[in-house]
>>> print(open('run-v8.cif').read())   # mmCIF, C-alpha atoms
data_model
loop_
_atom_site.label_atom_id
_atom_site.label_comp_id
_atom_site.auth_asym_id
_atom_site.auth_seq_id
_atom_site.Cartn_x
_atom_site.Cartn_y
_atom_site.Cartn_z
CA LYS T 961 -3.87 -20.41 -10.28
CA GLN T 962 -6.09 -18.75 -7.71
CA GLU T 963 -6.93 -15.10 -8.39
CA VAL T 964 -8.82 -12.72 -6.11
CA THR T 965 -10.62 -9.68 -7.51
CA GLN T 966 -12.25 -6.77 -5.72
CA ILE T 967 -14.51 -4.44 -7.65
CA PRO T 968 -14.84 -1.49 -7.46
CA ALA T 969 -11.35 -0.26 -6.60
CA ALA T 970 -12.84 2.79 -4.91
CA LEU T 971 -16.25 3.70 -3.50
CA SER T 972 -17.75 6.81 -1.92
CA VAL T 973 -21.05 6.71 -0.02
CA PRO T 974 -22.88 9.14 2.29
CA GLU T 975 -22.73 8.54 6.00
CA GLY T 976 -25.51 6.34 7.37
CA GLU T 977 -25.94 4.20 4.29
CA ASN T 978 -25.64 0.43 4.30
CA LEU T 979 -23.11 -0.82 1.79
CA VAL T 980 -21.70 -3.99 0.29
CA LEU T 981 -18.12 -4.68 -0.76
CA ASN T 982 -17.46 -7.50 -3.18
CA CYS T 983 -14.75 -10.12 -3.48
CA SER T 984 -14.53 -12.85 -6.10
CA PHE T 985 -12.10 -15.76 -6.43
CA THR T 986 -11.47 -18.17 -9.26
CA ASP T 987 -10.92 -21.48 -7.46
CA SER T 988 -13.47 -22.72 -4.91
CA ALA T 989 -10.94 -25.02 -3.22
CA ILE T 990 -10.25 -22.85 -0.18
CA TYR T 991 -9.83 -23.35 3.55
CA ASN T 992 -11.13 -19.92 4.44
CA LEU T 993 -11.60 -16.33 3.38
CA GLN T 994 -10.55 -13.35 5.46
CA TRP T 995 -11.56 -9.70 5.32
CA PHE T 996 -9.12 -7.02 6.43
CA ARG T 997 -9.18 -3.29 6.92
CA GLN T 998 -6.16 -1.08 6.22
CA ASP T 999 -5.89 2.53 7.29
CA PRO T 1000 -3.38 4.82 5.54
CA GLY T 1001 0.17 4.16 6.72
CA LYS T 1002 -0.91 1.22 8.83
CA GLY T 1003 -0.90 -2.53 8.69
CA LEU T 1004 -3.88 -4.76 8.03
CA THR T 1005 -6.44 -5.36 10.74
CA SER T 1006 -8.31 -8.66 10.58
CA LEU T 1007 -12.08 -8.10 10.54
CA LEU T 1008 -13.69 -11.46 9.87
CA LEU T 1009 -12.58 -14.97 8.98
CA ILE T 1010 -15.04 -17.33 7.29
CA GLN T 1011 -14.24 -21.03 7.15
CA SER T 1012 -15.07 -22.88 3.93
CA SER T 1013 -17.88 -24.73 5.72
CA GLN T 1014 -19.52 -21.50 6.90
CA ARG T 1015 -21.89 -19.21 5.04
CA GLU T 1016 -21.39 -16.04 7.04
CA GLN T 1017 -19.74 -14.35 10.00
CA THR T 1018 -20.85 -11.27 11.92
CA SER T 1019 -19.04 -8.75 14.07
CA GLY T 1020 -20.93 -5.68 15.19
CA ARG T 1021 -22.03 -3.72 12.11
CA LEU T 1022 -20.08 -6.03 9.81
CA ASN T 1023 -21.39 -9.15 8.14
CA ALA T 1024 -19.36 -11.25 5.73
CA SER T 1025 -20.89 -13.94 3.55
CA LEU T 1026 -19.28 -16.69 1.54
CA ASP T 1027 -20.63 -18.54 -1.48
CA LYS T 1028 -17.83 -20.93 -2.26
CA SER T 1029 -19.49 -22.57 -5.24
CA SER T 1030 -19.83 -19.27 -7.08
CA GLY T 1031 -16.50 -17.92 -5.87
CA ARG T 1032 -17.94 -14.87 -4.15
CA SER T 1033 -17.84 -13.14 -0.80
CA THR T 1034 -19.45 -9.91 0.33
CA LEU T 1035 -18.73 -7.63 3.26
CA TYR T 1036 -21.84 -5.80 4.42
CA ILE T 1037 -21.36 -2.65 6.50
CA ALA T 1038 -24.47 -1.35 8.23
CA ALA T 1039 -25.08 2.30 9.05
CA SER T 1040 -21.75 3.49 7.69
CA GLN T 1041 -19.72 6.08 9.62
CA PRO T 1042 -16.83 8.35 8.60
CA GLY T 1043 -14.56 6.15 10.74
CA ASP T 1044 -15.26 3.27 8.38
CA SER T 1045 -13.24 5.04 5.69
CA ALA T 1046 -10.32 2.75 4.86
CA THR T 1047 -9.19 0.20 2.31
CA TYR T 1048 -10.84 -3.20 2.66
CA LEU T 1049 -9.04 -6.29 1.42
CA CYS T 1050 -10.15 -9.87 1.11
CA ALA T 1051 -7.84 -12.85 1.05
CA VAL T 1052 -8.34 -16.56 0.45
CA ARG T 1053 -6.36 -19.52 1.78
CA PRO T 1054 -6.24 -22.20 -0.94
CA SER T 1055 -6.81 -25.74 0.30
CA ASN T 1056 -3.91 -27.27 -1.51
CA ARG T 1057 -0.59 -28.06 0.16
CA ASP T 1058 0.50 -24.48 -0.37
CA ASP T 1059 0.53 -22.33 2.78
CA LYS T 1060 0.12 -19.09 0.92
CA ILE T 1061 -2.77 -16.66 1.19
CA ILE T 1062 -3.86 -14.83 -1.98
CA PHE T 1063 -4.94 -11.20 -1.54
CA GLY T 1064 -7.19 -8.99 -3.58
CA LYS T 1065 -6.02 -5.46 -4.30
CA GLY T 1066 -8.68 -3.92 -2.11
CA THR T 1067 -11.57 -1.48 -2.28
CA ARG T 1068 -10.83 2.03 -1.03
CA LEU T 1069 -13.95 3.19 0.84
CA HIS T 1070 -14.71 6.83 1.62
CA ILE T 1071 -17.70 7.67 3.82
CA LEU T 1072 -18.90 11.20 3.19
CA PRO T 1073 -19.94 13.11 6.35
CA ASP X 976 -3.98 -6.29 18.99
CA ALA X 977 -1.61 -9.15 18.23
CA GLY X 978 1.86 -8.53 19.65
CA ILE X 979 3.87 -7.91 16.49
CA THR X 980 6.68 -5.39 16.33
CA GLN X 981 8.50 -4.48 13.15
CA SER X 982 11.80 -2.62 13.19
CA PRO X 983 12.83 -0.24 11.90
CA ARG X 984 9.59 1.51 10.95
CA HIS X 985 11.31 3.66 8.35
CA LYS X 986 14.62 3.30 6.58
CA VAL X 987 16.38 5.10 3.76
CA THR X 988 19.48 3.54 2.30
CA GLU X 989 21.54 3.41 -0.87
CA THR X 990 21.61 0.91 -3.69
CA GLY X 991 23.98 -1.95 -3.04
CA THR X 992 23.89 -1.84 0.74
CA PRO X 993 22.63 -4.76 2.83
CA VAL X 994 19.42 -4.23 4.79
CA THR X 995 17.83 -6.35 7.50
CA LEU X 996 14.28 -5.94 8.71
CA ARG X 997 13.12 -7.54 11.92
CA CYS X 998 9.77 -8.92 12.95
CA HIS X 999 9.23 -9.80 16.60
CA GLN X 1000 6.12 -11.51 17.97
CA THR X 1001 4.98 -12.21 21.51
CA GLU X 1002 2.13 -14.58 20.55
CA ASN X 1003 4.19 -17.77 20.16
CA HIS X 1004 2.55 -18.36 16.77
CA ARG X 1005 4.08 -20.99 14.52
CA TYR X 1006 3.68 -19.24 11.18
CA MET X 1007 5.36 -15.98 10.19
CA TYR X 1008 5.27 -14.18 6.85
CA TRP X 1009 6.96 -11.33 5.05
CA TYR X 1010 4.98 -9.37 2.45
CA ARG X 1011 5.65 -6.32 0.36
CA GLN X 1012 2.92 -3.91 -0.65
CA ASP X 1013 3.21 -1.81 -3.78
CA PRO X 1014 0.68 0.35 -5.66
CA GLY X 1015 -0.93 -1.65 -8.43
CA HIS X 1016 0.37 -4.97 -7.12
CA GLY X 1017 -1.26 -5.24 -3.74
CA LEU X 1018 0.26 -7.53 -1.15
CA ARG X 1019 2.76 -10.10 -2.34
CA LEU X 1020 4.36 -12.83 -0.28
CA ILE X 1021 8.16 -12.77 -0.13
CA HIS X 1022 9.02 -15.61 2.26
CA TYR X 1023 7.32 -17.41 5.08
CA SER X 1024 8.23 -19.64 8.00
CA TYR X 1025 6.38 -22.63 9.40
CA GLY X 1026 8.68 -23.15 12.36
CA VAL X 1027 12.12 -22.41 13.74
CA LYS X 1028 14.65 -22.82 10.92
CA ASP X 1029 11.82 -23.84 8.55
CA THR X 1030 11.27 -21.35 5.76
CA ASP X 1031 10.04 -21.33 2.18
CA LYS X 1032 9.82 -18.96 -0.75
CA GLY X 1033 6.85 -16.90 -1.71
CA GLU X 1034 5.81 -15.21 -4.91
CA VAL X 1035 8.57 -12.57 -5.04
CA SER X 1036 11.55 -14.07 -3.21
CA ASP X 1037 14.38 -13.09 -5.59
CA GLY X 1038 16.85 -10.74 -3.88
CA TYR X 1039 15.59 -11.58 -0.39
CA SER X 1040 16.62 -14.08 2.25
CA VAL X 1041 15.12 -14.87 5.65
CA SER X 1042 16.10 -16.49 8.89
CA ARG X 1043 14.22 -17.70 11.92
CA SER X 1044 16.43 -18.88 14.76
CA LYS X 1045 13.79 -18.34 17.46
CA THR X 1046 10.02 -18.66 17.44
CA GLU X 1047 9.57 -14.97 18.13
CA ASP X 1048 11.90 -13.47 15.52
CA PHE X 1049 11.77 -13.54 11.71
CA LEU X 1050 14.40 -11.56 9.84
CA LEU X 1051 14.21 -10.38 6.24
CA THR X 1052 17.50 -9.50 4.55
CA LEU X 1053 18.12 -7.68 1.32
CA GLU X 1054 21.67 -8.74 0.53
CA SER X 1055 22.32 -5.89 -1.92
CA ALA X 1056 19.41 -3.49 -2.04
CA THR X 1057 18.08 -2.24 -5.38
CA SER X 1058 15.68 0.61 -6.16
CA SER X 1059 13.02 -1.94 -7.16
CA GLN X 1060 12.94 -3.08 -3.55
CA THR X 1061 11.64 0.27 -2.39
CA SER X 1062 8.35 -0.69 -0.80
CA VAL X 1063 6.37 -1.10 2.38
CA TYR X 1064 7.16 -4.39 4.06
CA PHE X 1065 4.71 -6.14 6.35
CA CYS X 1066 5.22 -9.01 8.72
CA ALA X 1067 2.29 -11.27 9.59
CA ILE X 1068 1.76 -14.17 11.98
CA SER X 1069 -0.79 -16.92 12.36
CA GLU X 1070 -1.34 -19.76 14.77
CA SER X 1071 -2.65 -22.11 12.10
CA ILE X 1072 -2.94 -22.07 8.32
CA VAL X 1073 -6.39 -23.60 8.31
CA ASN X 1074 -8.70 -21.98 10.80
CA GLN X 1075 -6.91 -18.99 12.32
CA PRO X 1076 -6.55 -15.49 10.90
CA GLN X 1077 -3.34 -13.74 9.97
CA HIS X 1078 -2.38 -10.72 12.03
CA PHE X 1079 -0.18 -7.98 10.66
CA GLY X 1080 2.45 -5.63 11.99
CA ASP X 1081 2.42 -1.91 11.22
CA GLY X 1082 4.95 -2.19 8.43
CA THR X 1083 8.40 -0.88 7.51
CA ARG X 1084 8.67 1.81 4.86
CA LEU X 1085 11.93 1.19 2.99
CA SER X 1086 13.37 3.58 0.44
CA ILE X 1087 16.37 2.59 -1.67
CA LEU X 1088 18.03 5.56 -3.32
#
>>> encode(input="run-v8.cif", output="structure tokens")
Amino acid sequence: KQEVTQIPAALSVPEGENLVLNCSFTDSAIYNLQWFRQDPGKGLTSLLLIQSSQREQTSGRLNASLDKSSGRSTLYIAASQPGDSATYLCAVRPSNRDDKIIFGKGTRLHILP
Amino acid sequence: DAGITQSPRHKVTETGTPVTLRCHQTENHRYMYWYRQDPGHGLRLIHYSYGVKDTDKGEVSDGYSVSRSKTEDFLLTLESATSSQTSVYFCAISESIVNQPQHFGDGTRLSIL
């Protein structure tokens, strides 16, 4: 059974620092991996989607990498800002006949002004 | 933002009463999902739909039913609400299960007293 883990559960860093969020998954048979952002009291906002054949995706200050063989993905945030404070979740789509995405429990990020 | 509207946004009701939550999309996406989000458990799939009148169970489907009579609407019903169903419920949509991201609504906060 696929499991998705995000460590640490919470992280605080000073403004301006570059940072990396981690996501690991137990089964490399996936279609894709998606990173989301969730602000308090809000839904999830899709940040980046990496297909299983890709190694990375970039959007602005965000860069997500995927190493399928080792079951790892990272979300790199450059030059962090207080507005980046949120919970970041990763999710994998298994490549079996099941349609269901598996979510990690998220990393709560706090950028200190 | 993807055109997803959840209603109601907040609801308080009593144990044993029926409750229906509505998800409405304007994107004409084929796939629709209902999740619940609880502290310590993260996001868990309740039911999903892969077309009009085509639905299937997720990880935590007991006590819930769904219906999809039109592409744009996906209803989640709690036939007889229990306190354990107090949660935040999210609807999500996607155009494809393979290479397109999921997009989420803003959620419904449901309290069962």
>>> axis_aligned_box(input="run-v8.cif", around="range 1056-1072 of chain T", padding_each_side="8 Å", output="JSON")
{"center_x": -9.2, "center_y": -8.4, "center_z": -0.2, "size_x": 35.4, "size_y": 55.3, "size_z": 24.1}
>>> closest_residue(input="run-v8.cif", among="X:Gly1033, X:Gly978, X:Gly1026, X:Gly991", to="chain T", atoms="only C-alpha atoms")
X:Gly1033
>>> closest_atom_pairs(input="run-v8.cif", of="chain X", to="chain T", cutoff="10 Å", atoms="all atoms listed in the file", output="JSON lines")
{"residue": "X:Asp976", "atom": "CA", "partner": "T:Thr1005", "partner_atom": "CA", "distance": 8.7}
{"residue": "X:Ala977", "atom": "CA", "partner": "T:Thr1005", "partner_atom": "CA", "distance": 9.7}
{"residue": "X:Tyr1006", "atom": "CA", "partner": "T:Asp1059", "partner_atom": "CA", "distance": 9.5}
{"residue": "X:Tyr1008", "atom": "CA", "partner": "T:Lys1060", "partner_atom": "CA", "distance": 9.3}
{"residue": "X:Gln1012", "atom": "CA", "partner": "T:Lys1065", "partner_atom": "CA", "distance": 9.8}
{"residue": "X:Asp1013", "atom": "CA", "partner": "T:Lys1065", "partner_atom": "CA", "distance": 9.9}
{"residue": "X:Pro1014", "atom": "CA", "partner": "T:Lys1065", "partner_atom": "CA", "distance": 9.0}
{"residue": "X:Gly1015", "atom": "CA", "partner": "T:Lys1065", "partner_atom": "CA", "distance": 7.6}
{"residue": "X:His1016", "atom": "CA", "partner": "T:Lys1065", "partner_atom": "CA", "distance": 7.0}
{"residue": "X:Gly1017", "atom": "CA", "partner": "T:Lys1065", "partner_atom": "CA", "distance": 4.8}
{"residue": "X:Leu1018", "atom": "CA", "partner": "T:Phe1063", "partner_atom": "CA", "distance": 6.4}
{"residue": "X:Arg1019", "atom": "CA", "partner": "T:Phe1063", "partner_atom": "CA", "distance": 7.8}
{"residue": "X:Leu1020", "atom": "CA", "partner": "T:Lys1060", "partner_atom": "CA", "distance": 7.7}
{"residue": "X:His1022", "atom": "CA", "partner": "T:Lys1060", "partner_atom": "CA", "distance": 9.6}
{"residue": "X:Tyr1023", "atom": "CA", "partner": "T:Lys1060", "partner_atom": "CA", "distance": 8.5}
{"residue": "X:Ser1024", "atom": "CA", "partner": "T:Asp1059", "partner_atom": "CA", "distance": 9.7}
{"residue": "X:Tyr1025", "atom": "CA", "partner": "T:Asp1059", "partner_atom": "CA", "distance": 8.8}
{"residue": "X:Asp1031", "atom": "CA", "partner": "T:Asp1059", "partner_atom": "CA", "distance": 9.6}
{"residue": "X:Lys1032", "atom": "CA", "partner": "T:Lys1060", "partner_atom": "CA", "distance": 9.8}
{"residue": "X:Gly1033", "atom": "CA", "partner": "T:Lys1060", "partner_atom": "CA", "distance": 7.6}
{"residue": "X:Glu1034", "atom": "CA", "partner": "T:Lys1060", "partner_atom": "CA", "distance": 9.0}
{"residue": "X:Val1063", "atom": "CA", "partner": "T:Gly1001", "partner_atom": "CA", "distance": 9.2}
{"residue": "X:Tyr1064", "atom": "CA", "partner": "T:Gly1003", "partner_atom": "CA", "distance": 9.5}
{"residue": "X:Phe1065", "atom": "CA", "partner": "T:Gly1003", "partner_atom": "CA", "distance": 7.1}
{"residue": "X:Cys1066", "atom": "CA", "partner": "T:Gly1003", "partner_atom": "CA", "distance": 8.9}
{"residue": "X:Ala1067", "atom": "CA", "partner": "T:Leu1004", "partner_atom": "CA", "distance": 9.1}
{"residue": "X:Ser1071", "atom": "CA", "partner": "T:Asp1059", "partner_atom": "CA", "distance": 9.9}
{"residue": "X:Ile1072", "atom": "CA", "partner": "T:Asp1059", "partner_atom": "CA", "distance": 6.5}
{"residue": "X:Val1073", "atom": "CA", "partner": "T:Tyr991", "partner_atom": "CA", "distance": 5.9}
{"residue": "X:Asn1074", "atom": "CA", "partner": "T:Gln1011", "partner_atom": "CA", "distance": 6.7}
{"residue": "X:Gln1075", "atom": "CA", "partner": "T:Leu1009", "partner_atom": "CA", "distance": 7.7}
{"residue": "X:Pro1076", "atom": "CA", "partner": "T:Leu1009", "partner_atom": "CA", "distance": 6.3}
{"residue": "X:Gln1077", "atom": "CA", "partner": "T:Ser1006", "partner_atom": "CA", "distance": 7.1}
{"residue": "X:His1078", "atom": "CA", "partner": "T:Ser1006", "partner_atom": "CA", "distance": 6.4}
{"residue": "X:Phe1079", "atom": "CA", "partner": "T:Leu1004", "partner_atom": "CA", "distance": 5.6}
{"residue": "X:Gly1080", "atom": "CA", "partner": "T:Gly1003", "partner_atom": "CA", "distance": 5.6}
{"residue": "X:Asp1081", "atom": "CA", "partner": "T:Gly1003", "partner_atom": "CA", "distance": 4.2}
{"residue": "X:Gly1082", "atom": "CA", "partner": "T:Gly1003", "partner_atom": "CA", "distance": 5.9}
{"residue": "X:Thr1083", "atom": "CA", "partner": "T:Gly1003", "partner_atom": "CA", "distance": 9.5}
{"residue": "X:Arg1084", "atom": "CA", "partner": "T:Gly1001", "partner_atom": "CA", "distance": 9.0}
>>> resolve_selection(input="run-v8.cif", expression="the PyMOL selection byres ((chain T and resi 1036) around 6)", output="PyMOL selection string")
chain T and resi 979-980+1022-1023+1035+1037
>>> resolve_selection(input="run-v8.cif", expression="the PyMOL selection byres ((chain T and resi 1033) around 8)", output="PyMOL selection string")
chain T and resi 982-984+1024-1028+1031-1032+1034-1035
>>> atom_distance(input="run-v8.cif", atom1="CA of Ser1058 in chain X", atom2="CA of Glu989 in chain X")
8.4 Å
>>> atom_distance(input="run-v8.cif", atom1="CA of Gly1038 in chain X", atom2="CA of Leu1088 in chain X")
16.4 Å
>>> atom_distance(input="run-v8.cif", atom1="CA of Thr1047 in chain T", atom2="CA of Val994 in chain X")
29.1 Å
>>> resolve_selection(input="run-v8.cif", expression="the PyMOL selection byres ((chain X and resi 996) around 8)", output="compact mmCIF listing (two decimals) with C-alpha atoms, in the frame of the given file")
# COMPACT_ATOMS: atom_id res chain seq x y z
CA GLN X 981 8.50 -4.48 13.15
CA SER X 982 11.80 -2.62 13.19
CA PRO X 983 12.83 -0.24 11.90
CA VAL X 994 19.42 -4.23 4.79
CA THR X 995 17.83 -6.35 7.50
CA ARG X 997 13.12 -7.54 11.92
CA CYS X 998 9.77 -8.92 12.95
CA LEU X 1050 14.40 -11.56 9.84
CA LEU X 1051 14.21 -10.38 6.24
CA THR X 1052 17.50 -9.50 4.55
CA THR X 1083 8.40 -0.88 7.51
>>> residues_near_point(input="run-v8.cif", point="(-1.6, -17.6, 15.7)", cutoff="7 Å", atoms="all atoms listed in the file", output="PyMOL selection string")
chain X and resi 1002+1004-1005+1068-1071+1075
>>> closest_residue(input="run-v8.cif", among="X:Arg1043, X:His999, X:Lys1028, X:Arg1011", to="Ile979 in chain X", atoms="only C-alpha atoms")
X:His999
>>> closest_residue(input="run-v8.cif", among="X:Ser1062, X:Ser1042, X:Thr1001, X:Thr988", to="Ile1087 in chain X", atoms="only C-alpha atoms")
X:Thr988
>>> residues_around(input="run-v8.cif", residues="Ser972 in chain T", least_positions_apart="6", cutoff="7 Å", atoms="only C-alpha atoms", output="ChimeraX atom specification")
/T:1069-1072
>>> residues_around(input="run-v8.cif", residues="Ala1056 in chain X", least_positions_apart="5", cutoff="6 Å", atoms="only C-alpha atoms", output="PyMOL selection string")
chain X and resi 990-993
>>> closest_residue(input="run-v8.cif", among="X:Gln1060, X:Asn1003, X:Thr980, X:Val1027", to="Ser1044 in chain X", atoms="all atoms listed in the file")
X:Val1027
